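S.K.: Just one file: coords.cif, with mmCIF, C-alpha atoms and all ligand atoms.
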```cif
data_final
loop_
_atom_site.label_atom_id
_atom_site.label_comp_id
_atom_site.auth_asym_id
_atom_site.auth_seq_id
_atom_site.Cartn_x
_atom_site.Cartn_y
_atom_site.Cartn_z
CA MET A 1 69.11 -34.04 24.89
CA SER A 2 66.43 -33.67 27.44
CA PRO A 3 66.52 -35.55 30.72
CA TYR A 4 62.93 -36.54 30.42
CA ASN A 5 60.84 -38.10 27.73
CA ASN A 6 57.17 -38.59 28.34
CA ASN A 7 56.33 -40.39 25.12
CA LEU A 8 57.25 -43.82 26.29
CA LYS A 9 55.15 -46.89 26.00
CA TYR A 10 56.69 -49.45 28.19
CA SER A 11 54.56 -52.56 28.32
CA ASP A 12 57.16 -55.08 27.13
CA ILE A 13 59.34 -55.43 30.16
CA THR A 14 60.94 -58.86 30.48
CA SER A 15 63.69 -59.96 32.81
CA LYS A 16 66.78 -61.70 31.42
CA VAL A 17 65.54 -64.98 32.94
CA ASP A 18 62.15 -64.66 31.26
CA PHE A 19 63.95 -63.86 28.03
CA LEU A 20 66.12 -67.00 28.21
CA ASN A 21 63.12 -69.15 29.05
CA ARG A 22 61.30 -67.68 26.10
CA ARG A 23 64.22 -68.53 23.85
CA GLN A 24 64.17 -72.14 24.97
CA LEU A 25 60.46 -72.22 24.31
CA ILE A 26 60.98 -70.78 20.87
CA ALA A 27 63.77 -73.27 20.09
CA GLY A 28 61.53 -76.13 21.20
CA ALA A 29 58.66 -74.79 19.18
CA SER A 30 60.78 -74.52 16.06
CA ALA A 31 61.58 -78.24 16.24
CA VAL A 32 57.97 -78.86 15.41
CA GLY A 33 57.94 -76.14 12.81
CA ILE A 34 56.26 -73.37 14.76
CA PHE A 35 57.86 -69.93 14.91
CA SER A 36 60.71 -71.21 12.76
CA SER A 37 61.56 -67.89 11.17
CA LEU A 38 61.63 -66.18 14.55
CA SER A 39 63.83 -68.86 16.06
CA LYS A 40 66.29 -68.57 13.16
CA SER A 41 66.77 -64.88 13.73
CA VAL A 42 67.18 -65.43 17.45
CA GLN A 43 69.63 -68.32 17.09
CA ALA A 44 71.70 -67.08 14.14
CA ASP A 45 73.78 -64.56 16.00
CA ILE A 46 74.90 -66.29 19.20
CA LEU A 47 78.54 -65.30 19.78
CA LYS A 48 81.57 -67.19 21.05
CA TYR A 49 83.24 -65.26 23.84
CA LYS A 50 85.21 -65.56 27.05
CA LYS A 51 83.29 -65.08 30.28
CA THR A 52 83.76 -61.80 32.03
CA GLU A 53 86.50 -60.63 34.34
CA TYR A 54 84.80 -57.24 34.48
CA LYS A 55 81.85 -57.27 36.83
CA VAL A 56 80.01 -54.76 38.93
CA ASP A 57 78.21 -55.15 42.19
CA ALA A 58 74.74 -54.47 40.80
CA GLU A 59 71.93 -56.21 39.01
CA VAL A 60 72.29 -56.52 35.24
CA THR A 61 69.62 -54.55 33.36
CA SER A 62 67.15 -56.76 31.51
CA LYS A 63 67.86 -57.25 27.83
CA SER A 64 64.41 -55.98 27.08
CA ASP A 65 65.11 -52.65 28.80
CA ALA A 66 68.59 -52.23 27.29
CA THR A 67 67.35 -52.86 23.76
CA SER A 68 64.14 -50.84 23.78
CA PHE A 69 65.07 -47.72 25.77
CA ASN A 70 67.78 -46.18 23.59
CA ASN A 71 69.38 -43.04 22.29
CA PHE A 72 70.28 -43.26 18.60
CA TYR A 73 69.13 -40.00 17.03
CA GLU A 74 69.73 -41.27 13.48
CA PHE A 75 66.48 -43.19 14.05
CA GLY A 76 64.54 -40.52 15.94
CA THR A 77 64.71 -38.79 19.29
CA GLY A 78 62.13 -40.89 21.16
CA LYS A 79 63.52 -43.58 23.43
CA ASN A 80 61.82 -46.42 21.55
CA ASP A 81 62.38 -44.95 18.05
CA PRO A 82 65.74 -46.74 17.62
CA LYS A 83 64.16 -50.14 18.23
CA ASN A 84 61.19 -49.35 15.99
CA ASN A 85 63.07 -47.71 13.13
CA SER A 86 66.54 -49.25 12.90
CA SER A 87 65.81 -52.55 11.16
CA MET A 88 66.29 -50.76 7.79
CA MET A 89 69.97 -50.17 8.52
CA LYS A 90 72.04 -52.59 6.43
CA ILE A 91 74.96 -53.87 8.48
CA LYS A 92 76.33 -56.38 5.94
CA PRO A 93 78.69 -55.71 4.28
CA TRP A 94 80.39 -53.30 6.71
CA SER A 95 83.78 -51.67 6.59
CA VAL A 96 85.64 -49.23 8.77
CA GLU A 97 87.97 -46.66 7.28
CA ILE A 98 91.00 -46.12 9.47
CA ASP A 99 93.15 -43.16 8.55
CA GLY A 100 95.29 -40.31 9.83
CA LEU A 101 98.38 -41.00 11.91
CA VAL A 102 98.51 -44.77 11.47
CA ASP A 103 101.04 -47.04 9.75
CA LYS A 104 98.48 -49.03 7.80
CA PRO A 105 95.58 -46.80 6.78
CA GLY A 106 92.79 -48.38 4.78
CA ASN A 107 89.17 -49.28 4.40
CA TYR A 108 88.98 -52.45 6.46
CA ASN A 109 86.29 -55.01 5.86
CA LEU A 110 84.80 -55.78 9.28
CA ASP A 111 85.68 -59.48 9.21
CA ASP A 112 89.32 -58.67 8.39
CA LEU A 113 89.44 -56.02 11.07
CA LEU A 114 88.12 -58.40 13.72
CA SER A 115 90.03 -61.50 12.64
CA GLY A 116 92.33 -62.84 15.34
CA ILE A 117 90.76 -60.67 18.05
CA SER A 118 89.04 -62.71 20.73
CA LEU A 119 85.80 -61.54 22.23
CA GLU A 120 85.05 -61.33 25.92
CA GLU A 121 82.07 -60.37 27.98
CA ARG A 122 82.37 -57.29 30.16
CA ILE A 123 79.66 -56.19 32.52
CA TYR A 124 79.90 -52.41 32.76
CA ARG A 125 77.90 -49.66 34.35
CA PHE A 126 76.45 -47.32 31.73
CA ARG A 127 75.54 -43.78 32.86
CA CYS A 128 73.72 -41.45 30.49
CA VAL A 129 74.14 -37.69 30.84
CA GLU A 130 70.33 -37.60 31.19
CA ALA A 131 70.77 -39.05 34.74
CA TRP A 132 69.68 -42.63 34.13
CA SER A 133 71.82 -45.73 34.23
CA MET A 134 71.96 -49.38 33.25
CA VAL A 135 74.30 -52.31 33.81
CA VAL A 136 75.06 -53.97 30.49
CA PRO A 137 76.84 -57.25 29.64
CA TRP A 138 78.71 -56.12 26.52
CA ILE A 139 80.73 -58.47 24.31
CA GLY A 140 83.80 -57.13 22.58
CA PHE A 141 87.45 -56.23 23.14
CA SER A 142 89.73 -53.36 24.08
CA LEU A 143 89.92 -50.71 21.35
CA SER A 144 93.73 -50.95 21.59
CA GLU A 145 93.51 -54.33 19.77
CA ILE A 146 92.60 -52.41 16.63
CA PHE A 147 95.49 -50.01 17.15
CA LYS A 148 97.88 -52.99 17.34
CA LYS A 149 96.71 -54.02 13.89
CA VAL A 150 97.00 -50.65 12.19
CA GLY A 151 99.99 -49.25 14.11
CA ILE A 152 99.82 -45.78 15.66
CA ARG A 153 102.34 -43.08 14.70
CA SER A 154 104.18 -41.43 17.58
CA ASN A 155 102.65 -37.98 16.91
CA ALA A 156 99.03 -39.20 17.33
CA LYS A 157 97.31 -37.61 20.33
CA TYR A 158 93.58 -38.12 19.76
CA VAL A 159 91.17 -40.53 18.15
CA ALA A 160 88.11 -39.38 16.17
CA PHE A 161 85.15 -41.65 15.44
CA GLN A 162 82.31 -41.32 12.96
CA THR A 163 78.93 -43.06 12.65
CA LEU A 164 77.33 -44.32 9.46
CA TYR A 165 75.50 -41.57 7.52
CA ARG A 166 72.89 -43.19 5.32
CA PRO A 167 69.70 -41.08 5.26
CA SER A 168 67.77 -43.63 3.18
CA GLU A 169 68.09 -46.16 6.02
CA MET A 170 68.10 -43.74 8.96
CA VAL A 171 64.80 -41.91 9.25
CA GLY A 172 65.94 -39.64 12.06
CA ILE A 173 68.46 -37.90 9.79
CA GLY A 174 65.79 -36.46 7.49
CA SER A 175 63.46 -35.53 10.31
CA ASN A 176 66.22 -33.67 12.16
CA PRO A 177 68.05 -31.86 9.33
CA ARG A 178 69.66 -29.23 11.54
CA PHE A 179 71.49 -31.83 13.61
CA PRO A 180 75.17 -31.80 12.50
CA TRP A 181 75.30 -35.26 10.92
CA PRO A 182 77.18 -37.53 10.85
CA TYR A 183 77.43 -38.21 14.59
CA VAL A 184 81.07 -37.84 15.61
CA GLU A 185 82.95 -38.42 18.85
CA GLY A 186 86.51 -38.40 20.11
CA LEU A 187 88.89 -39.45 22.83
CA ARG A 188 92.37 -38.46 23.90
CA LEU A 189 94.78 -41.23 22.88
CA ASP A 190 95.59 -42.26 26.46
CA GLU A 191 91.84 -42.61 27.14
CA ALA A 192 91.42 -44.61 23.95
CA ILE A 193 94.17 -47.10 24.83
CA ASN A 194 92.98 -47.56 28.41
CA PRO A 195 92.06 -51.26 28.67
CA LEU A 196 88.53 -50.36 29.82
CA THR A 197 87.78 -48.60 26.53
CA MET A 198 85.96 -51.15 24.52
CA ILE A 199 84.64 -51.87 21.06
CA ALA A 200 81.44 -53.85 21.51
CA THR A 201 80.12 -56.14 18.82
CA GLY A 202 77.57 -57.87 21.03
CA MET A 203 75.54 -57.79 24.21
CA TYR A 204 73.55 -60.34 26.20
CA GLY A 205 75.36 -63.22 24.45
CA GLU A 206 74.39 -62.14 20.95
CA SER A 207 75.41 -59.73 18.22
CA LEU A 208 74.52 -56.10 18.85
CA PRO A 209 71.01 -55.24 17.75
CA ASN A 210 70.86 -52.33 15.32
CA GLN A 211 69.36 -50.01 17.92
CA ASN A 212 72.40 -50.50 20.17
CA GLY A 213 74.90 -49.64 17.45
CA ALA A 214 75.45 -52.71 15.26
CA PRO A 215 77.78 -53.97 14.07
CA LEU A 216 80.36 -52.19 16.23
CA ARG A 217 80.26 -49.33 18.74
CA LEU A 218 82.43 -47.73 21.33
CA VAL A 219 81.84 -48.22 25.08
CA VAL A 220 83.65 -45.90 27.50
CA PRO A 221 82.20 -46.77 30.90
CA TRP A 222 83.57 -43.84 32.93
CA LYS A 223 82.16 -41.22 30.55
CA TYR A 224 78.59 -40.14 29.88
CA GLY A 225 76.87 -42.43 27.40
CA PHE A 226 76.92 -39.99 24.48
CA LYS A 227 80.67 -40.58 24.14
CA SER A 228 79.90 -44.24 23.30
CA ILE A 229 79.36 -43.69 19.58
CA LYS A 230 77.40 -46.30 17.65
CA SER A 231 77.68 -48.02 14.23
CA ILE A 232 81.22 -46.78 13.57
CA VAL A 233 82.42 -46.40 9.97
CA LYS A 234 85.54 -44.31 10.47
CA ILE A 235 88.38 -44.03 12.98
CA THR A 236 90.99 -41.30 12.56
CA LEU A 237 94.19 -40.89 14.57
CA THR A 238 95.05 -37.21 14.78
CA ASP A 239 97.21 -34.69 16.63
CA THR A 240 94.39 -32.20 17.24
CA GLN A 241 91.35 -32.51 19.52
CA PRO A 242 88.45 -33.68 17.35
CA GLU A 243 85.03 -32.07 17.26
CA THR A 244 82.26 -33.98 18.99
CA THR A 245 78.58 -33.81 18.07
CA TRP A 246 77.03 -32.78 21.39
CA ASN A 247 79.80 -30.33 22.10
CA LYS A 248 79.16 -28.63 18.74
CA LEU A 249 75.45 -28.44 19.53
CA ALA A 250 75.69 -27.17 23.11
CA PRO A 251 79.29 -26.50 24.21
CA LYS A 252 78.29 -25.34 27.68
CA GLU A 253 76.32 -28.52 28.33
CA TYR A 254 78.44 -31.30 26.83
CA GLY A 255 82.22 -31.12 27.14
CA PHE A 256 84.83 -33.00 25.17
CA TYR A 257 85.82 -35.04 28.22
CA SER A 258 82.41 -35.56 29.82
CA ASN A 259 83.64 -37.89 32.52
CA VAL A 260 80.85 -39.00 34.84
CA ASN A 261 81.07 -36.54 37.72
CA PRO A 262 78.43 -36.22 40.45
CA ASN A 263 79.97 -32.92 41.62
CA VAL A 264 79.46 -31.02 38.38
CA ASP A 265 75.83 -30.56 37.48
CA HIS A 266 74.50 -30.27 33.99
CA PRO A 267 73.31 -26.65 33.58
CA ARG A 268 69.69 -27.90 33.55
CA TRP A 269 69.75 -30.78 36.05
CA SER A 270 71.75 -32.40 38.82
CA GLN A 271 74.22 -35.19 38.14
CA ALA A 272 74.50 -36.25 41.79
CA ARG A 273 72.06 -39.14 41.46
CA GLU A 274 70.75 -41.41 38.75
CA ARG A 275 67.68 -43.48 38.07
CA VAL A 276 68.49 -47.17 37.61
CA ILE A 277 66.46 -48.28 34.60
CA GLY A 278 64.28 -51.25 35.44
CA GLY A 279 65.79 -51.47 38.88
CA SER A 280 62.48 -51.85 40.62
CA ILE A 281 60.14 -54.78 41.04
CA PHE A 282 57.35 -52.41 40.08
CA LYS A 283 58.15 -52.35 36.39
CA LEU A 284 55.14 -50.52 35.06
CA GLY A 285 54.98 -47.30 33.12
CA THR A 286 58.00 -45.50 31.76
CA PRO A 287 61.49 -46.47 32.94
CA LEU A 288 62.45 -42.87 33.67
CA PHE A 289 59.79 -42.69 36.31
CA ASN A 290 60.39 -46.17 37.67
CA GLY A 291 63.38 -47.95 39.07
CA SER A 292 65.36 -46.99 42.12
CA LYS A 293 67.66 -44.02 42.51
CA ARG A 294 71.28 -44.23 43.50
CA ASP A 295 74.16 -41.86 44.09
CA THR A 296 76.33 -41.49 41.03
CA PRO A 297 79.96 -42.38 41.80
CA MET A 298 82.88 -40.34 40.46
CA PHE A 299 84.02 -41.71 37.09
CA ASN A 300 80.95 -43.96 37.25
CA GLY A 301 82.84 -46.18 39.73
CA TYR A 302 85.95 -46.61 37.53
CA GLY A 303 88.18 -44.11 39.34
CA LYS A 304 90.78 -46.70 40.30
CA GLU A 305 91.38 -47.46 36.65
CA VAL A 306 91.17 -43.98 35.14
CA ALA A 307 91.57 -41.17 37.71
CA ASN A 308 95.30 -40.96 36.91
CA LEU A 309 94.45 -39.87 33.35
CA TYR A 310 93.13 -36.59 34.74
CA SER A 311 95.65 -35.83 37.47
CA GLY A 312 96.17 -32.25 36.30
CA MET A 313 92.47 -31.39 36.15
CA ASP A 314 90.28 -29.80 38.82
CA LEU A 315 87.46 -32.31 39.19
CA ARG A 316 85.04 -29.66 40.47
CA LYS A 317 85.06 -28.06 37.03
CA TYR A 318 83.26 -28.79 33.81
CA TYR A 319 85.30 -30.26 30.96
N1 LIG B 401 75.71 -42.79 18.65
C1 LIG B 401 75.09 -42.28 17.57
N2 LIG B 401 75.61 -42.50 16.37
N3 LIG B 401 73.94 -41.56 17.66
C2 LIG B 401 73.37 -41.29 18.88
O1 LIG B 401 72.33 -40.59 18.92
N4 LIG B 401 73.52 -41.54 21.31
C3 LIG B 401 74.48 -41.63 22.41
C4 LIG B 401 75.32 -42.90 22.34
N5 LIG B 401 75.81 -43.11 21.00
C5 LIG B 401 74.01 -41.80 20.06
C6 LIG B 401 75.19 -42.58 19.89
C7 LIG B 401 73.82 -41.53 23.70
S1 LIG B 401 73.21 -40.01 24.15
C8 LIG B 401 73.74 -42.61 24.57
S2 LIG B 401 73.17 -42.42 26.14
C9 LIG B 401 74.11 -43.96 24.13
O2 LIG B 401 74.52 -44.01 22.76
C10 LIG B 401 72.94 -44.89 24.31
O3 LIG B 401 73.34 -46.22 24.08
P1 LIG B 401 72.25 -47.37 24.21
O4 LIG B 401 71.10 -46.98 23.37
O5 LIG B 401 72.93 -48.63 23.72
O6 LIG B 401 71.89 -47.46 25.67
#
```
Would you mind writing the file out in structure tokens?

M.R.:
Amino acid sequence: MSPYNNNLKYSDITSKVDFLNRRQLIAGASAVGIFSSLSKSVQADILKYKKTEYKVDAEVTSKSDATSFNNFYEFGTGKNDPKNNSSMMKIKPWSVEIDGLVDKPGNYNLDDLLSGISLEERIYRFRCVEAWSMVVPWIGFSLSEIFKKVGIRSNAKYVAFQTLYRPSEMVGIGSNPRFPWPYVEGLRLDEAINPLTMIATGMYGESLPNQNGAPLRLVVPWKYGFKSIKSIVKITLTDTQPETTWNKLAPKEYGFYSNVNPNVDHPRWSQARERVIGGSIFKLGTPLFNGSKRDTPMFNGYGKEVANLYSGMDLRKYY
């Protein structure tokens, strides 16, 4: 991962309010038969969910920014590649294999896996290791809801996650053959069952777009964004620390824990501050060179909820 990407075209910047207005316009237009196919795709995936109890004291990033400035290397390494290239990914049907130290292992059809779990909106800070940040209104639930369904054995200590590997639908896989596909991530079990750790199935009131990890992804708001693995097809409960993609690629740069920490710099750049994507009224050019800067808080501002998980660790060190 590089902190900078100069290849961005960024002319389509729309605020959330503009976006909603545009939707109303589209819905109105469809009543008279104009734009009807567009309106169908926009209206089909509105979700039912509880309003948020998780908020942050910061402006929510526009939907347009959060869905066009992405990291999803299976579709290319450019920031707008995921939006441009991910429509080929087939997300129906979808199943998640859950195995390892669980009482009810199996290949769960997504609808069965999610049945009975209620969705809620959670507005979280999202801090990428590349020193940019967003504020995203996710829709989903605590990962522990899934564990309640499958039952965790008492000797489980870690959780491993795996992304879909389907080269025919993911152009970035073929163009980056040395990358150790499939993308894998992991958490310690106590991190995984922390209520903040979320499985998202939607954002901005709608189902997740493919580029953001449809149909389900992890969101761990106190860790760097690469821990938040997308388009999950496998979850394994294990007693050994799982391998993680970025740690395999560059162990000195991306640790297993990778908690957001302004006091431990990345070997190639500082982590003390971050660029808030779209956080400026002057929204021209590339997001990385726009927006305001802010100090990065320890644990991305979630220290009250999670600092106790790391009580034995020296927070001035890299993990
Ligand atoms: N998951 C997969 N499968 N592949 C990826 O390349 N990139 C990670 C993470 N999850 C990635 C992934 C990184 S580096 C970040 S910062 C976030 O996804 C970006 O999430 P977003 O595009 O929804 O902002």

S.K.: Using all atoms listed in the file for the distances, tell me which of A:Ser133, A:Ser68, A:Ser228, A:Ser87 is nearest to ligand LIG 401 (chain B).

M.R.: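 Under the stated criterion, the closest residue is A:Ser228.
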
S.K.: By how many Å are atom CA of Trp269 of chain A and atom O6 of ligand LIG 401 (chain B) apart?

M.R.: 19.8 Å

S.K.: Give as a count of residues only the residues surrounding ligand LIG 401 (chain B) up to a distance of 6 Å, considering all atoms listed in the file.

M.R.: 14

S.K.: Between atom CA of Thr197 of chain A and atom CA of Val96 of chain A, what is the spacing in Å?

M.R.: 17.9 Å

S.K.: Atom CA of Arg217 of chain A and atom CA of Thr201 of chain A, how far apart in Å?

M.R.: 6.8 Å

S.K.: Do a neighbour search on Arg188 of chain A at 7 Å with only C-alpha atoms, toss out local chain neighbours closer than 5 positions, and write the hits as a list in words.

M.R.: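 Skipping anything fewer than 5 positions along the chain leaves Lys157, Tyr158 and Val159 of chain A.
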
S.K.: Restricted to C-alpha atoms, what would the selected residues look like written as a PDB file, in the coordinates of the input?

M.R.:
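Output file out.pdb is given in full below:
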```pdb
ATOM      1  CA  LYS A 157      97.310 -37.610  20.330  1.00  0.00           C
ATOM      2  CA  TYR A 158      93.580 -38.120  19.760  1.00  0.00           C
ATOM      3  CA  VAL A 159      91.170 -40.530  18.150  1.00  0.00           C
TER       4      VAL A 159
END
```

S.K.: Hey, could you patch up segment 45-72 of chain A with N, CA and C atoms and hand it over as a tab-separated table (two decimals), in the frame of the given file?

M.R.:
```tsv
chain	number	residue	atom	x	y	z
A	45	ASP	N	72.69	-65.47	15.66
A	45	ASP	CA	73.78	-64.56	16.00
A	45	ASP	C	74.35	-64.77	17.40
A	46	ILE	N	74.28	-65.99	17.91
A	46	ILE	CA	74.90	-66.29	19.20
A	46	ILE	C	76.42	-66.19	19.03
A	47	LEU	N	77.11	-65.54	19.94
A	47	LEU	CA	78.54	-65.30	19.78
A	47	LEU	C	79.36	-66.23	20.66
A	48	LYS	N	80.60	-66.46	20.22
A	48	LYS	CA	81.57	-67.19	21.05
A	48	LYS	C	82.40	-66.16	21.79
A	49	TYR	N	82.47	-66.26	23.10
A	49	TYR	CA	83.24	-65.26	23.84
A	49	TYR	C	83.67	-65.82	25.19
A	50	LYS	N	84.70	-65.18	25.73
A	50	LYS	CA	85.21	-65.56	27.05
A	50	LYS	C	84.33	-64.93	28.11
A	51	LYS	N	84.11	-65.65	29.19
A	51	LYS	CA	83.29	-65.08	30.28
A	51	LYS	C	84.00	-63.88	30.91
A	52	THR	N	83.25	-63.10	31.62
A	52	THR	CA	83.76	-61.80	32.03
A	52	THR	C	84.76	-61.83	33.19
A	53	GLU	N	85.72	-60.93	33.14
A	53	GLU	CA	86.50	-60.63	34.34
A	53	GLU	C	86.10	-59.25	34.85
A	54	TYR	N	85.26	-58.58	34.10
A	54	TYR	CA	84.80	-57.24	34.48
A	54	TYR	C	83.37	-57.35	34.97
A	55	LYS	N	83.20	-57.16	36.28
A	55	LYS	CA	81.85	-57.27	36.83
A	55	LYS	C	81.59	-56.05	37.69
A	56	VAL	N	80.34	-55.81	37.98
A	56	VAL	CA	80.01	-54.76	38.93
A	56	VAL	C	79.05	-55.34	39.96
A	57	ASP	N	79.01	-54.66	41.09
A	57	ASP	CA	78.21	-55.15	42.19
A	57	ASP	C	76.80	-54.57	42.06
A	58	ALA	N	76.10	-54.99	41.03
A	58	ALA	CA	74.74	-54.47	40.80
A	58	ALA	C	74.03	-55.40	39.83
A	59	GLU	N	72.72	-55.34	39.87
A	59	GLU	CA	71.93	-56.21	39.01
A	59	GLU	C	72.07	-55.80	37.53
A	60	VAL	N	72.22	-56.80	36.68
A	60	VAL	CA	72.29	-56.52	35.24
A	60	VAL	C	70.91	-56.08	34.75
A	61	THR	N	70.87	-55.05	33.95
A	61	THR	CA	69.62	-54.55	33.36
A	61	THR	C	69.03	-55.62	32.43
A	62	SER	N	67.73	-55.74	32.39
A	62	SER	CA	67.15	-56.76	31.51
A	62	SER	C	67.46	-56.42	30.05
A	63	LYS	N	67.60	-57.46	29.26
A	63	LYS	CA	67.86	-57.25	27.83
A	63	LYS	C	66.75	-56.42	27.21
A	64	SER	N	65.55	-56.69	27.64
A	64	SER	CA	64.41	-55.98	27.08
A	64	SER	C	64.52	-54.46	27.32
A	65	ASP	N	64.92	-54.08	28.52
A	65	ASP	CA	65.11	-52.65	28.80
A	65	ASP	C	66.25	-52.07	27.96
A	66	ALA	N	67.39	-52.78	27.94
A	66	ALA	CA	68.59	-52.23	27.29
A	66	ALA	C	68.44	-52.14	25.77
A	67	THR	N	67.49	-52.87	25.21
A	67	THR	CA	67.35	-52.86	23.76
A	67	THR	C	66.07	-52.15	23.28
A	68	SER	N	65.34	-51.57	24.23
A	68	SER	CA	64.14	-50.84	23.78
A	68	SER	C	64.08	-49.41	24.32
A	69	PHE	N	64.99	-49.07	25.21
A	69	PHE	CA	65.07	-47.72	25.77
A	69	PHE	C	66.44	-47.19	25.34
A	70	ASN	N	66.48	-46.52	24.19
A	70	ASN	CA	67.78	-46.18	23.59
A	70	ASN	C	67.87	-44.73	23.15
A	71	ASN	N	69.10	-44.28	22.99
A	71	ASN	CA	69.38	-43.04	22.29
A	71	ASN	C	70.16	-43.37	21.03
A	72	PHE	N	69.59	-43.09	19.89
A	72	PHE	CA	70.28	-43.26	18.60
A	72	PHE	C	69.51	-42.34	17.66
```
